[in-house]
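Quick look at protein.txt (compact mmCIF, C-alpha atoms and all ligand atoms):
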# COMPACT_ATOMS: atom_id res chain seq x y z
CA MET A 1365 3.07 -63.42 -34.34
CA ARG A 1366 6.58 -64.85 -34.08
CA ASP A 1367 8.56 -63.72 -31.04
CA LEU A 1368 11.55 -61.50 -31.85
CA ARG A 1369 14.77 -63.23 -30.78
CA VAL A 1370 16.41 -60.79 -28.37
CA GLY A 1371 20.05 -60.75 -27.24
CA VAL A 1372 21.78 -58.72 -24.54
CA ILE A 1373 25.36 -57.40 -24.40
CA GLY A 1374 26.38 -56.53 -20.83
CA TYR A 1375 24.47 -57.79 -17.80
CA GLY A 1376 25.15 -55.06 -15.24
CA LEU A 1377 23.09 -52.44 -13.43
CA ARG A 1378 21.01 -51.81 -16.53
CA SER A 1379 20.03 -55.49 -16.79
CA GLY A 1380 16.60 -54.56 -15.43
CA LEU A 1381 15.66 -53.91 -19.06
CA VAL A 1382 16.13 -57.60 -19.86
CA ARG A 1383 13.08 -58.79 -17.92
CA LEU A 1384 10.99 -56.10 -19.60
CA ALA A 1385 11.98 -57.42 -23.05
CA HIS A 1386 11.44 -61.10 -22.24
CA ARG A 1387 7.79 -61.71 -23.20
CA PRO A 1388 7.61 -65.22 -24.62
CA GLY A 1389 4.46 -65.66 -26.70
CA ALA A 1390 3.80 -61.91 -26.60
CA GLY A 1391 6.23 -60.68 -29.24
CA SER A 1392 9.78 -61.02 -27.89
CA ALA A 1393 11.83 -63.62 -26.08
CA LEU A 1394 15.32 -63.62 -24.66
CA ALA A 1395 17.65 -65.76 -26.82
CA GLY A 1396 20.96 -65.09 -25.08
CA ILE A 1397 23.04 -62.87 -22.83
CA CYS A 1398 26.70 -62.05 -23.27
CA ASP A 1399 29.01 -60.80 -20.52
CA PRO A 1400 32.73 -61.53 -20.25
CA ARG A 1401 32.55 -61.60 -16.45
CA ALA A 1402 31.61 -64.91 -14.79
CA GLU A 1403 29.96 -63.12 -11.86
CA ARG A 1404 27.53 -61.33 -14.19
CA ARG A 1405 26.73 -64.49 -16.14
CA GLU A 1406 26.00 -66.27 -12.85
CA GLN A 1407 23.80 -63.37 -11.82
CA ALA A 1408 21.86 -63.70 -15.09
CA VAL A 1409 21.25 -67.41 -14.44
CA ALA A 1410 20.24 -66.67 -10.84
CA ASN A 1411 17.78 -64.00 -11.99
CA LEU A 1412 16.38 -65.63 -15.10
CA GLY A 1413 16.67 -69.36 -14.48
CA ALA A 1414 18.99 -72.15 -15.57
CA GLY A 1415 17.46 -72.22 -19.06
CA VAL A 1416 18.93 -68.86 -20.03
CA VAL A 1417 21.70 -68.99 -22.66
CA VAL A 1418 24.79 -67.14 -21.42
CA VAL A 1419 27.95 -66.64 -23.49
CA GLU A 1420 31.25 -64.84 -22.98
CA THR A 1421 31.74 -63.01 -26.28
CA VAL A 1422 29.74 -60.76 -28.56
CA GLU A 1423 30.74 -62.99 -31.46
CA ASP A 1424 29.14 -66.03 -29.80
CA LEU A 1425 26.01 -64.01 -29.03
CA LEU A 1426 25.66 -62.77 -32.59
CA GLY A 1427 25.82 -66.39 -33.77
CA LEU A 1428 22.42 -67.00 -32.15
CA ASP A 1429 20.37 -65.68 -35.11
CA LEU A 1430 19.03 -62.61 -33.31
CA ASP A 1431 16.49 -60.02 -34.43
CA ALA A 1432 17.39 -57.39 -31.85
CA VAL A 1433 20.18 -56.77 -29.34
CA PHE A 1434 20.22 -54.59 -26.24
CA VAL A 1435 23.70 -53.03 -25.90
CA LEU A 1436 24.02 -52.44 -22.15
CA SER A 1437 27.82 -52.46 -21.95
CA PRO A 1438 29.94 -49.56 -20.65
CA ASP A 1439 29.90 -46.42 -22.79
CA HIS A 1440 33.29 -46.85 -24.47
CA LEU A 1441 32.16 -50.18 -25.94
CA HIS A 1442 28.89 -48.94 -27.47
CA GLU A 1443 30.50 -48.01 -30.78
CA GLU A 1444 32.23 -51.37 -31.26
CA HIS A 1445 29.19 -53.34 -30.10
CA ALA A 1446 26.70 -51.32 -32.14
CA VAL A 1447 28.71 -51.73 -35.32
CA ALA A 1448 28.99 -55.50 -34.72
CA VAL A 1449 25.23 -55.83 -34.13
CA LEU A 1450 24.29 -53.75 -37.17
CA GLU A 1451 26.76 -55.60 -39.41
CA ALA A 1452 25.21 -58.88 -38.21
CA GLY A 1453 21.84 -57.65 -39.51
CA ALA A 1454 20.13 -57.27 -36.12
CA ALA A 1455 18.48 -54.14 -34.74
CA ALA A 1456 20.45 -52.39 -32.00
CA TYR A 1457 19.15 -50.80 -28.81
CA LEU A 1458 22.02 -48.69 -27.47
CA GLU A 1459 22.06 -47.33 -23.98
CA LYS A 1460 22.83 -43.65 -23.77
CA PRO A 1461 25.26 -42.10 -24.45
CA MET A 1462 25.31 -43.39 -28.02
CA ALA A 1463 29.14 -43.42 -27.92
CA ILE A 1464 31.89 -41.49 -26.15
CA THR A 1465 32.92 -39.40 -29.18
CA THR A 1466 31.07 -37.59 -31.95
CA ALA A 1467 33.06 -39.57 -34.51
CA GLY A 1468 31.93 -42.80 -32.84
CA CYS A 1469 28.26 -41.77 -33.20
CA ASP A 1470 28.79 -40.84 -36.84
CA ARG A 1471 30.36 -44.24 -37.49
CA ILE A 1472 27.28 -45.94 -35.99
CA LEU A 1473 24.92 -43.78 -38.09
CA ALA A 1474 26.92 -44.53 -41.24
CA THR A 1475 26.90 -48.27 -40.48
CA ALA A 1476 23.13 -48.21 -39.96
CA ALA A 1477 22.63 -46.30 -43.22
CA ARG A 1478 24.82 -48.75 -45.16
CA THR A 1479 23.48 -52.00 -43.67
CA GLY A 1480 19.85 -50.93 -43.38
CA SER A 1481 19.78 -52.35 -39.84
CA LYS A 1482 17.72 -50.40 -37.33
CA VAL A 1483 19.41 -48.47 -34.53
CA TYR A 1484 17.72 -46.89 -31.52
CA VAL A 1485 19.19 -45.07 -28.51
CA GLY A 1486 17.59 -45.48 -25.09
CA HIS A 1487 17.10 -41.85 -24.14
CA ASN A 1488 14.54 -42.87 -21.55
CA MET A 1489 14.15 -39.33 -20.18
CA ARG A 1490 11.96 -38.49 -23.17
CA HIS A 1491 9.53 -41.01 -21.70
CA MET A 1492 9.62 -39.57 -18.17
CA PRO A 1493 6.33 -37.91 -17.21
CA VAL A 1494 8.04 -34.70 -16.04
CA VAL A 1495 9.82 -34.28 -19.38
CA ALA A 1496 6.77 -35.31 -21.40
CA GLU A 1497 4.66 -32.70 -19.57
CA MET A 1498 7.23 -29.92 -20.05
CA ARG A 1499 7.42 -30.79 -23.73
CA ARG A 1500 3.60 -30.82 -24.01
CA LEU A 1501 3.35 -27.38 -22.42
CA VAL A 1502 6.01 -26.02 -24.79
CA VAL A 1503 4.39 -27.57 -27.89
CA GLU A 1504 0.96 -26.26 -26.83
CA GLY A 1505 2.40 -22.76 -26.65
CA ALA A 1506 2.01 -22.21 -22.89
CA ILE A 1507 5.14 -20.00 -22.81
CA GLY A 1508 5.29 -18.79 -26.41
CA SER A 1509 8.36 -19.41 -28.54
CA VAL A 1510 11.26 -20.91 -26.54
CA LYS A 1511 14.28 -18.64 -26.21
CA ALA A 1512 16.24 -20.20 -23.33
CA VAL A 1513 16.52 -23.53 -21.48
CA TRP A 1514 18.42 -23.87 -18.19
CA CYS A 1515 19.06 -27.16 -16.45
CA ARG A 1516 20.74 -27.61 -13.07
CA HIS A 1517 21.55 -31.24 -12.38
CA PHE A 1518 22.16 -32.18 -8.76
CA VAL A 1519 23.76 -35.63 -8.83
CA GLY A 1520 23.46 -36.45 -5.15
CA HIS A 1521 24.86 -39.95 -5.46
CA GLY A 1522 27.73 -38.89 -7.72
CA GLY A 1523 30.46 -40.17 -5.41
CA ASP A 1524 28.79 -43.55 -5.05
CA PHE A 1525 27.91 -44.13 -8.67
CA TYR A 1526 30.36 -42.26 -10.86
CA PHE A 1527 33.69 -42.10 -9.03
CA LYS A 1528 34.22 -45.73 -8.06
CA ASP A 1529 33.98 -47.62 -11.35
CA TRP A 1530 34.65 -47.11 -15.08
CA HIS A 1531 32.49 -43.95 -15.24
CA ALA A 1532 35.33 -42.03 -13.55
CA GLU A 1533 37.85 -42.68 -16.34
CA ARG A 1534 38.16 -40.36 -19.34
CA ALA A 1535 39.18 -43.32 -21.48
CA LYS A 1536 35.87 -45.07 -20.76
CA SER A 1537 33.41 -42.17 -20.64
CA THR A 1538 35.18 -39.05 -22.01
CA GLY A 1539 33.80 -37.28 -18.93
CA LEU A 1540 30.63 -36.90 -16.91
CA LEU A 1541 29.51 -33.78 -18.78
CA LEU A 1542 28.98 -36.19 -21.69
CA GLN A 1543 28.27 -39.40 -19.74
CA LYS A 1544 25.58 -38.07 -17.44
CA GLY A 1545 24.83 -34.91 -19.36
CA ALA A 1546 23.78 -36.72 -22.55
CA HIS A 1547 20.37 -37.30 -20.96
CA ASP A 1548 19.76 -33.64 -20.20
CA ILE A 1549 21.42 -32.22 -23.29
CA ASP A 1550 18.99 -34.34 -25.30
CA VAL A 1551 16.07 -33.02 -23.24
CA ILE A 1552 17.31 -29.43 -23.59
CA HIS A 1553 17.55 -29.87 -27.38
CA TRP A 1554 14.07 -31.44 -27.46
CA LEU A 1555 12.47 -28.65 -25.42
CA ALA A 1556 14.29 -25.99 -27.44
CA GLY A 1557 13.56 -27.54 -30.84
CA GLY A 1558 17.20 -27.27 -32.00
CA TYR A 1559 20.71 -28.64 -31.66
CA SER A 1560 23.86 -27.08 -30.19
CA ARG A 1561 26.26 -25.67 -32.75
CA SER A 1562 28.66 -23.94 -30.37
CA VAL A 1563 29.39 -24.65 -26.71
CA SER A 1564 31.78 -23.48 -24.04
CA ALA A 1565 32.25 -24.98 -20.61
CA ILE A 1566 34.19 -24.82 -17.38
CA GLY A 1567 34.67 -27.64 -14.92
CA THR A 1568 36.90 -29.09 -12.26
CA LEU A 1569 37.42 -32.05 -9.96
CA ALA A 1570 36.43 -30.09 -6.89
CA VAL A 1571 35.86 -32.72 -4.18
CA TYR A 1572 36.67 -36.32 -5.09
CA GLY A 1573 40.11 -35.48 -6.54
CA GLY A 1574 41.44 -34.73 -3.06
CA LEU A 1575 40.26 -38.01 -1.49
CA PRO A 1576 42.29 -41.23 -1.29
CA HIS A 1577 41.95 -43.14 -4.56
CA ASP A 1578 41.74 -46.39 -2.62
CA GLY A 1579 39.07 -48.39 -4.46
CA PRO A 1580 39.51 -51.37 -6.75
CA GLY A 1581 38.17 -49.51 -9.83
CA GLY A 1582 36.70 -51.63 -12.62
CA TYR A 1583 33.11 -52.73 -12.01
CA LEU A 1584 30.83 -52.32 -9.01
CA PRO A 1585 29.26 -55.45 -7.52
CA SER A 1586 26.06 -56.37 -9.36
CA THR A 1587 23.96 -56.16 -6.24
CA GLY A 1588 21.90 -53.21 -7.34
CA TRP A 1589 21.29 -49.57 -6.65
CA ASN A 1590 20.87 -49.78 -2.88
CA ALA A 1591 24.14 -51.59 -2.35
CA HIS A 1592 26.10 -48.47 -3.19
CA ALA A 1593 26.27 -46.75 0.21
CA LEU A 1594 23.84 -43.97 -0.55
CA THR A 1595 24.17 -42.74 3.01
CA THR A 1596 27.75 -41.43 2.87
CA TRP A 1597 27.85 -37.80 4.03
CA PRO A 1598 29.56 -35.37 3.73
CA PRO A 1599 31.01 -36.04 0.26
CA ALA A 1600 34.56 -35.80 1.65
CA ALA A 1601 33.80 -38.96 3.70
CA GLN A 1602 33.55 -40.95 0.47
CA THR A 1603 35.85 -43.98 0.18
CA GLY A 1604 36.70 -46.43 -2.58
CA ILE A 1605 37.44 -43.85 -5.28
CA ASN A 1606 38.69 -45.42 -8.53
CA PRO A 1607 42.52 -45.07 -8.59
CA ALA A 1608 42.26 -44.02 -12.25
CA ALA A 1609 39.55 -41.36 -11.63
CA ASP A 1610 40.30 -38.34 -13.82
CA VAL A 1611 36.89 -36.85 -14.75
CA GLU A 1612 35.33 -33.65 -13.39
CA ASP A 1613 32.77 -33.63 -10.56
CA LEU A 1614 31.57 -30.08 -11.30
CA SER A 1615 30.84 -28.69 -14.76
CA MET A 1616 28.89 -25.86 -16.37
CA MET A 1617 28.19 -25.51 -20.07
CA LEU A 1618 26.73 -22.74 -22.24
CA MET A 1619 25.16 -23.76 -25.55
CA THR A 1620 24.13 -21.81 -28.67
CA LEU A 1621 21.58 -23.77 -30.69
CA ASP A 1622 21.04 -23.74 -34.45
CA ASN A 1623 17.65 -22.01 -34.02
CA GLY A 1624 19.05 -19.19 -31.87
CA VAL A 1625 17.94 -20.63 -28.51
CA LEU A 1626 20.53 -20.23 -25.73
CA ALA A 1627 20.85 -22.97 -23.12
CA SER A 1628 22.88 -23.85 -20.06
CA TYR A 1629 23.55 -27.14 -18.32
CA GLN A 1630 25.16 -27.39 -14.90
CA GLN A 1631 26.12 -30.65 -13.21
CA CYS A 1632 27.38 -31.27 -9.67
CA HIS A 1633 28.29 -34.68 -8.21
CA PHE A 1634 28.43 -33.79 -4.51
CA THR A 1635 25.04 -32.30 -3.66
CA PRO A 1636 22.96 -33.77 -0.80
CA ASP A 1637 19.95 -34.22 -3.08
CA TYR A 1638 19.46 -35.88 -6.46
CA TRP A 1639 17.22 -34.23 -9.05
CA ARG A 1640 17.11 -31.97 -12.08
CA SER A 1641 15.80 -28.43 -12.08
CA TYR A 1642 14.59 -27.31 -15.51
CA THR A 1643 13.57 -23.80 -16.48
CA VAL A 1644 12.28 -23.03 -19.96
CA ILE A 1645 11.77 -19.40 -20.94
CA GLY A 1646 9.71 -18.39 -23.94
CA ASP A 1647 8.72 -15.00 -25.37
CA ALA A 1648 5.36 -15.29 -23.60
CA GLY A 1649 6.10 -16.94 -20.29
CA ARG A 1650 8.28 -19.43 -18.48
CA LEU A 1651 7.94 -22.81 -16.85
CA GLU A 1652 9.94 -24.51 -14.13
CA CYS A 1653 9.80 -27.98 -12.62
CA PHE A 1654 9.85 -28.47 -8.86
CA GLY A 1655 10.85 -32.10 -8.37
CA ASN A 1656 10.97 -34.75 -11.06
CA GLY A 1657 8.36 -37.30 -9.93
CA PRO A 1658 4.96 -37.72 -8.28
CA GLY A 1659 4.42 -35.06 -5.62
CA GLY A 1660 6.38 -32.60 -7.73
CA GLU A 1661 4.89 -30.07 -10.14
CA ILE A 1662 5.57 -27.88 -13.12
CA ARG A 1663 4.69 -24.24 -12.63
CA VAL A 1664 3.92 -21.95 -15.54
CA TRP A 1665 3.95 -18.16 -15.37
CA ASN A 1666 2.49 -16.51 -18.46
CA SER A 1667 0.97 -13.23 -17.31
CA ARG A 1668 2.68 -10.14 -15.94
CA LYS A 1669 3.52 -10.24 -12.19
CA ALA A 1670 4.89 -7.94 -9.53
CA GLY A 1671 7.83 -9.66 -7.86
CA TYR A 1672 7.73 -13.32 -6.83
CA ALA A 1673 4.23 -14.57 -7.53
CA GLU A 1674 2.01 -17.62 -7.69
CA ALA A 1675 2.10 -19.47 -10.98
CA ASP A 1676 -0.71 -19.05 -13.51
CA LEU A 1677 -0.85 -22.77 -14.06
CA VAL A 1678 0.36 -25.69 -11.92
CA VAL A 1679 0.70 -29.12 -13.53
CA PRO A 1680 1.29 -32.03 -11.13
CA ILE A 1681 3.90 -34.52 -12.34
CA PRO A 1682 1.98 -37.73 -13.07
CA ALA A 1683 2.91 -41.06 -11.50
CA ALA A 1684 3.88 -44.02 -13.68
CA GLU A 1685 4.80 -47.65 -12.95
CA GLY A 1686 8.35 -48.91 -13.53
CA GLY A 1687 12.00 -47.81 -13.42
CA HIS A 1688 13.01 -44.18 -14.05
CA GLY A 1689 9.47 -42.91 -13.46
CA GLY A 1690 7.89 -45.41 -15.85
CA ALA A 1691 10.31 -44.53 -18.63
CA ASP A 1692 12.05 -47.92 -18.76
CA PRO A 1693 9.01 -50.09 -19.62
CA SER A 1694 7.89 -47.50 -22.10
CA ILE A 1695 11.26 -47.29 -23.87
CA VAL A 1696 11.53 -51.07 -24.18
CA ASP A 1697 8.02 -51.12 -25.68
CA GLU A 1698 8.97 -48.38 -28.10
CA PHE A 1699 12.15 -50.16 -29.24
CA LEU A 1700 10.47 -53.54 -29.75
CA GLY A 1701 7.58 -51.89 -31.61
CA TYR A 1702 10.07 -50.04 -33.82
CA VAL A 1703 11.95 -53.26 -34.61
CA ARG A 1704 8.71 -54.99 -35.54
CA ASP A 1705 6.77 -52.22 -37.30
CA GLY A 1706 9.16 -49.29 -37.91
CA GLY A 1707 7.59 -45.85 -37.86
CA GLU A 1708 8.14 -42.78 -35.72
CA THR A 1709 9.67 -42.92 -32.25
CA LEU A 1710 9.80 -40.35 -29.47
CA THR A 1711 13.57 -40.78 -29.31
CA SER A 1712 15.85 -40.05 -32.24
CA VAL A 1713 19.29 -41.39 -33.16
CA VAL A 1714 20.24 -38.09 -34.75
CA ALA A 1715 19.27 -36.32 -31.51
CA ALA A 1716 21.28 -38.91 -29.57
CA ARG A 1717 24.30 -38.08 -31.73
CA GLU A 1718 23.74 -34.37 -31.18
CA ALA A 1719 23.63 -34.86 -27.40
CA VAL A 1720 26.99 -36.64 -27.52
CA ALA A 1721 28.38 -34.01 -29.88
CA ALA A 1722 27.49 -31.21 -27.43
CA GLY A 1723 28.84 -33.14 -24.43
CA TYR A 1724 32.01 -34.04 -26.29
CA ALA A 1725 32.64 -30.48 -27.50
CA GLY A 1726 31.81 -29.16 -24.03
CA THR A 1727 34.38 -31.48 -22.49
CA GLN A 1728 36.99 -30.31 -25.00
CA SER A 1729 36.11 -26.74 -24.07
CA LEU A 1730 36.34 -27.22 -20.31
CA ARG A 1731 39.71 -28.95 -20.65
CA SER A 1732 41.10 -26.11 -22.73
CA GLY A 1733 40.19 -23.04 -20.72
CA GLY A 1734 36.56 -22.65 -21.71
CA ARG A 1735 37.05 -21.63 -25.34
CA PRO A 1736 33.97 -21.95 -27.60
CA VAL A 1737 33.96 -25.21 -29.59
CA ALA A 1738 31.95 -25.47 -32.81
CA ILE A 1739 29.86 -28.57 -33.60
CA ALA A 1740 29.27 -29.75 -37.17
CA PRO A 1741 25.96 -31.47 -37.95
CA PRO A 1742 26.05 -35.17 -38.85
CA SER A 1743 26.69 -35.93 -42.50
CA SER A 1744 24.85 -39.26 -42.48
CA PRO A 1745 21.32 -39.09 -43.98
CA ARG A 1746 19.65 -40.88 -41.02
N1 LIG A 1801 19.26 -44.78 -19.41
C1 LIG A 1801 19.59 -44.76 -18.13
O1 LIG A 1801 18.87 -44.21 -17.31
C2 LIG A 1801 20.85 -45.45 -17.71
C3 LIG A 1801 21.06 -45.75 -16.35
C4 LIG A 1801 22.23 -46.41 -16.00
C5 LIG A 1801 23.16 -46.75 -16.97
N2 LIG A 1801 22.95 -46.42 -18.27
C6 LIG A 1801 23.90 -46.80 -19.33
O2 LIG A 1801 23.81 -48.22 -19.47
C7 LIG A 1801 25.09 -48.77 -19.80
C8 LIG A 1801 25.44 -49.84 -18.78
O3 LIG A 1801 25.60 -49.20 -17.52
P1 LIG A 1801 25.59 -50.04 -16.18
O4 LIG A 1801 25.47 -49.06 -15.08
O5 LIG A 1801 24.63 -51.18 -16.30
O6 LIG A 1801 27.08 -50.60 -16.20
P2 LIG A 1801 27.67 -51.84 -15.39
O7 LIG A 1801 29.11 -51.59 -15.21
O8 LIG A 1801 26.83 -52.14 -14.18
O9 LIG A 1801 27.44 -53.05 -16.41
C9 LIG A 1801 28.13 -53.15 -17.63
C10 LIG A 1801 28.22 -54.63 -17.96
O10 LIG A 1801 28.86 -54.77 -19.23
C11 LIG A 1801 29.74 -55.87 -19.16
N3 LIG A 1801 30.77 -55.81 -20.18
C12 LIG A 1801 31.99 -55.24 -20.12
N4 LIG A 1801 32.68 -55.49 -21.25
C13 LIG A 1801 31.85 -56.22 -22.04
C14 LIG A 1801 32.01 -56.77 -23.34
N5 LIG A 1801 33.12 -56.62 -24.06
N6 LIG A 1801 30.98 -57.50 -23.85
C15 LIG A 1801 29.83 -57.66 -23.15
N7 LIG A 1801 29.64 -57.14 -21.90
C16 LIG A 1801 30.64 -56.41 -21.37
C17 LIG A 1801 30.31 -55.79 -17.75
O11 LIG A 1801 30.88 -57.03 -17.32
C18 LIG A 1801 29.08 -55.41 -16.95
O12 LIG A 1801 28.37 -56.54 -16.49
C19 LIG A 1801 26.05 -47.61 -19.84
O13 LIG A 1801 26.21 -47.17 -21.15
C20 LIG A 1801 25.37 -46.55 -19.01
O14 LIG A 1801 25.76 -45.24 -19.38
C21 LIG A 1801 21.79 -45.80 -18.65

Can you give me the file's structure in the form of structure tokens?
Amino acid sequence: MRDLRVGVIGYGLRSGLVRLAHRPGAGSALAGICDPRAERREQAVANLGAGVVVVETVEDLLGLDLDAVFVLSPDHLHEEHAVAVLEAGAAAYLEKPMAITTAGCDRILATAARTGSKVYVGHNMRHMPVVAEMRRLVVEGAIGSVKAVWCRHFVGHGGDFYFKDWHAERAKSTGLLLQKGAHDIDVIHWLAGGYSRSVSAIGTLAVYGGLPHDGPGGYLPSTGWNAHALTTWPPAAQTGINPAADVEDLSMMLMTLDNGVLASYQQCHFTPDYWRSYTVIGDAGRLECFGNGPGGEIRVWNSRKAGYAEADLVVPIPAAEGGHGGADPSIVDEFLGYVRDGGETLTSVVAAREAVAAGYAGTQSLRSGGRPVAIAPPSSPR
């Protein structure tokens, strides 16, 4: 079996995926990394050895005769980079969100349909054990037919991770309801078995807007997750806010899906804790997750109770090796297998588009007084 020649666009925080894809002699090998910033190229050489090919431009990278490219650049560049990769005849792995506008996603889908190149979006949450278990319970009928999905997203490190660099700028992310929410909107759609066709949202910049915008903006140092002062408390003690920060730190969206399911997604960037609370209500029970990883559990109530009561079924959240609760190794495996053999994947590019479409429409709604915004389905056949 010949190794797939793998390229990488953007060697930042998400560069952890690169090691997972570099398996010389076992199906895939790194052929080159592109990043316009010298610091990131040096980091790649330090991490991967002097033999690694590093280039400054996407054009130079795509000249390396690649089979597959991981697009790990900031969100606003996904559309441009995806189109370039697909036009070059390579398969594209796009980090979520697929793009920062619905039109951008549709352009990627249309390019993939025209060129025949494969495109895949790294919605790794579908591979997280907590999500996989909730989905299994729903599919097995543990709560009957789903009628409502509620997700509360407590982004405890919001000030550290989303208000200092490019994430905080509308021009580069549209907003955090889309940027961060794309993960959960996709999960909500998956659990509900439908896609949002109308959304309305409210939101505000409740905490970080009032702090000094005294940071450098741009990119965070590439020294990893723990370097970003995760101890700052209370949120008003945060420093280094991006001078160009103009996205919301609090948002709440209501969604009407094409199959009649109603959903809500709420996101807050200044909570003390970081996790997602999901509730799924069917016509014969409900489930709720308590925690998102090992030690946490999913509780299912599906018989009549008086008041607050013990669950009928408790499913522990399984442990898994690797980043994002084991989801990162599994999503890299899925992408490389798809490039090589095709076939079904747990993730879906149409679903990735629909997650962006809901987040984009929700952002339009929250910036225009909460009016309902309709979402058209994609026209592309893929
Ligand atoms: N799936 C997940 O759980 C998850 C987690 C974190 C980030 N992400 C997504 O991954 C992507 C990357 O995020 P990150 O946190 O690693 O960002 P980052 O800012 O740490 O890294 C982005 C890298 O892209 C490089 N870059 C900028 N312009 C470029 C260009 N024109 N060509 C090539 N490279 C360019 C930057 O120099 C930087 O090194 C984003 O889309 C983000 O939303 C997904």

Requested in this report: Using only C-alpha atoms and all ligand atoms, find each residue with an atom at most 9 Å away from ligand LIG 1801 (chain A) and format the answer as a PyMOL selection string.
Outcome: chain A and resi 1372-1380+1397-1405+1420-1422+1435-1442+1444-1445+1458-1463+1486-1489+1525+1529-1531+1537+1543-1544+1547+1582-1586+1588+1687-1688+1691-1692

Requested in this report: Write out as an MDAnalysis selection string each polymer residue whose atoms come within 9 Å of Gly1539 (chain A), counting only C-alpha atoms; drop sequence neighbours fewer than 6 positions from it.
Outcome: chainID A and resid 1464 1531:1533 1610:1612 1723:1724 1727

Query raised in the report: Which residues, written as a ChimeraX atom specification, have at least one atom at most 8 Å from Tyr1642 (chain A), with only C-alpha atoms counted and residues fewer than 4 positions away on the same chain left out?
Result: /A:1513-1516,1652-1653

Serialized selection, C-alpha atoms, as a CSV table (one decimal), keeping the file's coordinate frame:
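This went into result.csv:
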chain,number,residue,atom,x,y,z
A,1513,VAL,CA,16.5,-23.5,-21.5
A,1514,TRP,CA,18.4,-23.9,-18.2
A,1515,CYS,CA,19.1,-27.2,-16.4
A,1516,ARG,CA,20.7,-27.6,-13.1
A,1652,GLU,CA,9.9,-24.5,-14.1
A,1653,CYS,CA,9.8,-28.0,-12.6

Query - One-decimal distance in Å that lies between CA of Leu1594 (chain A) and CA of Tyr1638 (chain A) - result: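 Going from CA of Tyr1638 (chain A) over to CA of Leu1594 (chain A), I get 10.9 Å.
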
**Report entry** Among listed residues A:Glu1443, A:Glu1661, A:Asp1431, A:Glu1718, nearest Tyr1702 (chain A) (using all atoms listed in the file)
**Finding:** A:Asp1431

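Residues surrounding Asp1524 (chain A) within 12 Å are Val1519, Asp1529, His1531, Ala1532, Tyr1572, Gly1579, Leu1584, Trp1589, Asn1590, Ala1591, His1592, Ala1593, Leu1594, Thr1595, Thr1596, Trp1597, Pro1599, Ala1600, Ala1601, Gln1602, Thr1603, Gly1604, Ile1605, Asn1606, His1633, Phe1634 and Thr1635 of chain A [only C-alpha atoms; sequence separation below 5 positions excluded].
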
Please identify all polymer residues lying at most 12 Å from the point (11.9, -59.7, -24.0) (file coordinates), using only C-alpha atoms, and present the result as a CSV table (one decimal) with C-alpha atoms, in the coordinates of the input.
chain,number,residue,atom,x,y,z
A,1367,ASP,CA,8.6,-63.7,-31.0
A,1368,LEU,CA,11.6,-61.5,-31.8
A,1369,ARG,CA,14.8,-63.2,-30.8
A,1370,VAL,CA,16.4,-60.8,-28.4
A,1371,GLY,CA,20.0,-60.8,-27.2
A,1372,VAL,CA,21.8,-58.7,-24.5
A,1379,SER,CA,20.0,-55.5,-16.8
A,1380,GLY,CA,16.6,-54.6,-15.4
A,1381,LEU,CA,15.7,-53.9,-19.1
A,1382,VAL,CA,16.1,-57.6,-19.9
A,1383,ARG,CA,13.1,-58.8,-17.9
A,1384,LEU,CA,11.0,-56.1,-19.6
A,1385,ALA,CA,12.0,-57.4,-23.0
A,1386,HIS,CA,11.4,-61.1,-22.2
A,1387,ARG,CA,7.8,-61.7,-23.2
A,1388,PRO,CA,7.6,-65.2,-24.6
A,1389,GLY,CA,4.5,-65.7,-26.7
A,1390,ALA,CA,3.8,-61.9,-26.6
A,1391,GLY,CA,6.2,-60.7,-29.2
A,1392,SER,CA,9.8,-61.0,-27.9
A,1393,ALA,CA,11.8,-63.6,-26.1
A,1394,LEU,CA,15.3,-63.6,-24.7
A,1395,ALA,CA,17.6,-65.8,-26.8
A,1396,GLY,CA,21.0,-65.1,-25.1
A,1397,ILE,CA,23.0,-62.9,-22.8
A,1412,LEU,CA,16.4,-65.6,-15.1
A,1431,ASP,CA,16.5,-60.0,-34.4
A,1432,ALA,CA,17.4,-57.4,-31.8
A,1433,VAL,CA,20.2,-56.8,-29.3
A,1434,PHE,CA,20.2,-54.6,-26.2
A,1693,PRO,CA,9.0,-50.1,-19.6
A,1696,VAL,CA,11.5,-51.1,-24.2
A,1697,ASP,CA,8.0,-51.1,-25.7
A,1699,PHE,CA,12.2,-50.2,-29.2
A,1700,LEU,CA,10.5,-53.5,-29.8
A,1701,GLY,CA,7.6,-51.9,-31.6

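With CA of Gly1689 (chain A) on one side and CA of Leu1710 (chain A) on the other, the separation reads 16.2 Å.
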
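Atom to atom, CA of Ser1564 (chain A) and CA of Leu1730 (chain A) stand 7.0 Å apart.
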
Query raised in the report: Excluding same-chain residues fewer than 6 positions from region 1619-1621 of chain A, what lies within 7 Å of it counting all atoms listed in the file, as a list in words?
Result: Gly1558, Tyr1559, Ser1560, Arg1561, Ser1562, Val1563, Ser1564, Ala1627 and Ser1628 of chain A

Query - A:Arg1490, A:Arg1717, A:Arg1731, A:Lys1511 ranked by distance to Leu1541 (chain A), top pick (using only C-alpha atoms) - result: A:Arg1731
